[in-house]
Amino acid sequence: MRRGWIKVHVAVDVKTKKLLALEITDERIGDGKMLKPLIKQAKRNSNGRKIKAAYGDGSYDSRNNFNYLKKEGIKPIIKTRKNASTKARGSSARAKMVREKKKLGYEGWRDKYKYGNRWAVETFFSEVKRMFGETTKANTVEGIFQEVKLKFLLYNMLLSV
């Protein structure tokens, strides 16, 4: 049997710190490809509140993701690569962010867009791991996915208590 790992992709409300979206994949699925499903799920779970911005690390840096967020009216606050081109090449939104980051420098860009809010996701992961551990009891892939999903959903429920 092939041994790999699972990836948990989440969207967290930076104000309430609550989970808005959850997707679980294996290691073959890149984080960037999960942005669209996470945003769609977060919109359904946000009780009619508009999603104003989406924070993402460099793994979400793609023309497709910037274009999708622009089309949805969501501000992309995604860390672009250091060597990213300032030319549009299919995404004016991404090029604009690259130019601004180069102009302000990383620290200036980070402060302007409150990029530190992205840590709401990291904190959520850390708390789930601390409460439930990093291992699973399930033996099948389906069982592992289900167990991990339950851990994240249970932790989210506990935030409401």
# chains A, B, ... in the order shown; residues from 1 in each chain; ligands from 1

$ residues_around --residues "Arg94 (chain A)" --least-positions-apart "4" --cutoff "8 Å" --atoms "only C-alpha atoms" --output "number ranges by chain"
A: 62-63, 66-67, 88, 98

$ write_last_selection --atoms "all heavy atoms" --output "JSON list (two decimals), in the first residue's frame"
[["chain", "number", "residue", "atom", "x", "y", "z"],
["A", 62, "SER", "N", -1.09, 32.35, -7.91],
["A", 62, "SER", "CA", -1.27, 31.96, -9.32],
["A", 62, "SER", "C", -2.20, 32.96, -10.00],
["A", 62, "SER", "O", -3.03, 33.61, -9.34],
["A", 62, "SER", "CB", -1.86, 30.55, -9.44],
["A", 62, "SER", "OG", -3.24, 30.57, -9.12],
["A", 63, "ARG", "N", -2.03, 33.09, -11.29],
["A", 63, "ARG", "CA", -2.91, 33.99, -12.06],
["A", 63, "ARG", "C", -4.37, 33.57, -11.89],
["A", 63, "ARG", "O", -5.25, 34.41, -11.72],
["A", 63, "ARG", "CB", -2.51, 33.97, -13.53],
["A", 63, "ARG", "CG", -1.19, 34.63, -13.80],
["A", 63, "ARG", "CD", -0.80, 34.50, -15.29],
["A", 63, "ARG", "NE", 0.56, 34.94, -15.48],
["A", 63, "ARG", "CZ", 1.63, 34.15, -15.37],
["A", 63, "ARG", "NH1", 1.50, 32.88, -15.05],
["A", 63, "ARG", "NH2", 2.84, 34.63, -15.55],
["A", 66, "PHE", "N", -5.77, 34.76, -8.49],
["A", 66, "PHE", "CA", -5.99, 36.21, -8.47],
["A", 66, "PHE", "C", -7.20, 36.58, -9.33],
["A", 66, "PHE", "O", -8.03, 37.39, -8.93],
["A", 66, "PHE", "CB", -4.74, 36.95, -8.94],
["A", 66, "PHE", "CG", -3.74, 37.20, -7.85],
["A", 66, "PHE", "CD1", -2.77, 36.26, -7.55],
["A", 66, "PHE", "CD2", -3.77, 38.38, -7.12],
["A", 66, "PHE", "CE1", -1.84, 36.49, -6.54],
["A", 66, "PHE", "CE2", -2.85, 38.62, -6.11],
["A", 66, "PHE", "CZ", -1.88, 37.67, -5.81],
["A", 67, "ASN", "N", -7.29, 35.97, -10.51],
["A", 67, "ASN", "CA", -8.42, 36.27, -11.41],
["A", 67, "ASN", "C", -9.75, 35.84, -10.80],
["A", 67, "ASN", "O", -10.75, 36.55, -10.90],
["A", 67, "ASN", "CB", -8.22, 35.61, -12.77],
["A", 67, "ASN", "CG", -7.09, 36.25, -13.55],
["A", 67, "ASN", "OD1", -6.64, 37.35, -13.24],
["A", 67, "ASN", "ND2", -6.61, 35.55, -14.57],
["A", 88, "ALA", "N", 1.36, 41.88, -16.56],
["A", 88, "ALA", "CA", 0.08, 41.21, -16.31],
["A", 88, "ALA", "C", 0.10, 39.75, -16.73],
["A", 88, "ALA", "O", -0.29, 38.87, -15.97],
["A", 88, "ALA", "CB", -1.06, 41.95, -16.99],
["A", 98, "VAL", "N", 1.99, 42.45, -7.29],
["A", 98, "VAL", "CA", 3.44, 42.28, -7.40],
["A", 98, "VAL", "C", 4.12, 43.65, -7.42],
["A", 98, "VAL", "O", 5.09, 43.88, -6.69],
["A", 98, "VAL", "CB", 3.83, 41.47, -8.66],
["A", 98, "VAL", "CG1", 5.33, 41.50, -8.89],
["A", 98, "VAL", "CG2", 3.33, 40.04, -8.55]]

$ residues_around --residues "Arg99 (chain A)" --least-positions-apart "2" --cutoff "12 Å" --atoms "only C-alpha atoms" --output "JSON, numbers by chain"
{"A": [80, 81, 82, 83, 84, 85, 86, 87, 88, 92, 93, 94, 95, 96, 97, 101, 102, 103, 104, 105, 106, 109]}

$ atom_distance --atom1 "CA of Leu38 (chain A)" --atom2 "CA of Leu22 (chain A)"
6.8 Å

$ closest_residue --among "A:Ala42, A:Val121, A:Val8, A:Leu153" --to "Gly56 (chain A)" --atoms "only C-alpha atoms"
A:Val121

$ select_by_dssp --residues "region 88-158 of chain A" --states "alpha helix (DSSP H)" --output "VMD selection string"
chain A and resid 92 to 112 119 to 132 141 to 158

$ atom_distance --atom1 "CA of Lys18 (chain A)" --atom2 "CA of Ala53 (chain A)"
15.5 Å

$ residues_around --residues "region 125-134 of chain A" --least-positions-apart "5" --cutoff "10 Å" --atoms "only C-alpha atoms" --output "PyMOL selection string"
chain A and resi 8-10+119-120+148+151-156

$ write_last_selection --atoms "N, CA and C atoms" --output "PDB file, in the first residue's frame"
ATOM      1  N   VAL A   8      -4.872  19.121   4.862  1.00  0.00           N
ATOM      2  CA  VAL A   8      -6.106  19.750   5.310  1.00  0.00           C
ATOM      3  C   VAL A   8      -6.044  21.202   4.856  1.00  0.00           C
ATOM      4  N   HIS A   9      -7.033  21.604   4.071  1.00  0.00           N
ATOM      5  CA  HIS A   9      -7.115  22.960   3.545  1.00  0.00           C
ATOM      6  C   HIS A   9      -8.305  23.630   4.238  1.00  0.00           C
ATOM      7  N   VAL A  10      -8.083  24.802   4.818  1.00  0.00           N
ATOM      8  CA  VAL A  10      -9.162  25.461   5.550  1.00  0.00           C
ATOM      9  C   VAL A  10      -9.259  26.939   5.192  1.00  0.00           C
ATOM     10  N   TRP A 119      -2.414  34.300  10.097  1.00  0.00           N
ATOM     11  CA  TRP A 119      -2.070  33.400  11.189  1.00  0.00           C
ATOM     12  C   TRP A 119      -3.291  32.822  11.889  1.00  0.00           C
ATOM     13  N   ALA A 120      -4.473  33.364  11.614  1.00  0.00           N
ATOM     14  CA  ALA A 120      -5.698  32.767  12.171  1.00  0.00           C
ATOM     15  C   ALA A 120      -5.807  31.306  11.738  1.00  0.00           C
ATOM     16  N   VAL A 148     -10.268  13.084  10.529  1.00  0.00           N
ATOM     17  CA  VAL A 148      -9.665  14.419  10.545  1.00  0.00           C
ATOM     18  C   VAL A 148     -10.741  15.491  10.398  1.00  0.00           C
ATOM     19  N   LYS A 151     -12.476  15.983  13.665  1.00  0.00           N
ATOM     20  CA  LYS A 151     -11.659  16.727  14.636  1.00  0.00           C
ATOM     21  C   LYS A 151     -11.784  18.231  14.397  1.00  0.00           C
ATOM     22  N   PHE A 152     -11.681  18.649  13.132  1.00  0.00           N
ATOM     23  CA  PHE A 152     -11.762  20.076  12.812  1.00  0.00           C
ATOM     24  C   PHE A 152     -13.159  20.633  13.084  1.00  0.00           C
ATOM     25  N   LEU A 153     -14.181  19.866  12.730  1.00  0.00           N
ATOM     26  CA  LEU A 153     -15.549  20.339  12.956  1.00  0.00           C
ATOM     27  C   LEU A 153     -15.881  20.386  14.445  1.00  0.00           C
ATOM     28  N   LEU A 154     -15.410  19.401  15.200  1.00  0.00           N
ATOM     29  CA  LEU A 154     -15.655  19.396  16.646  1.00  0.00           C
ATOM     30  C   LEU A 154     -14.961  20.586  17.310  1.00  0.00           C
ATOM     31  N   TYR A 155     -13.720  20.847  16.921  1.00  0.00           N
ATOM     32  CA  TYR A 155     -13.034  21.995  17.490  1.00  0.00           C
ATOM     33  C   TYR A 155     -13.790  23.282  17.170  1.00  0.00           C
ATOM     34  N   ASN A 156     -14.277  23.394  15.944  1.00  0.00           N
ATOM     35  CA  ASN A 156     -15.048  24.585  15.546  1.00  0.00           C
ATOM     36  C   ASN A 156     -16.301  24.733  16.397  1.00  0.00           C
TER      37      ASN A 156
END
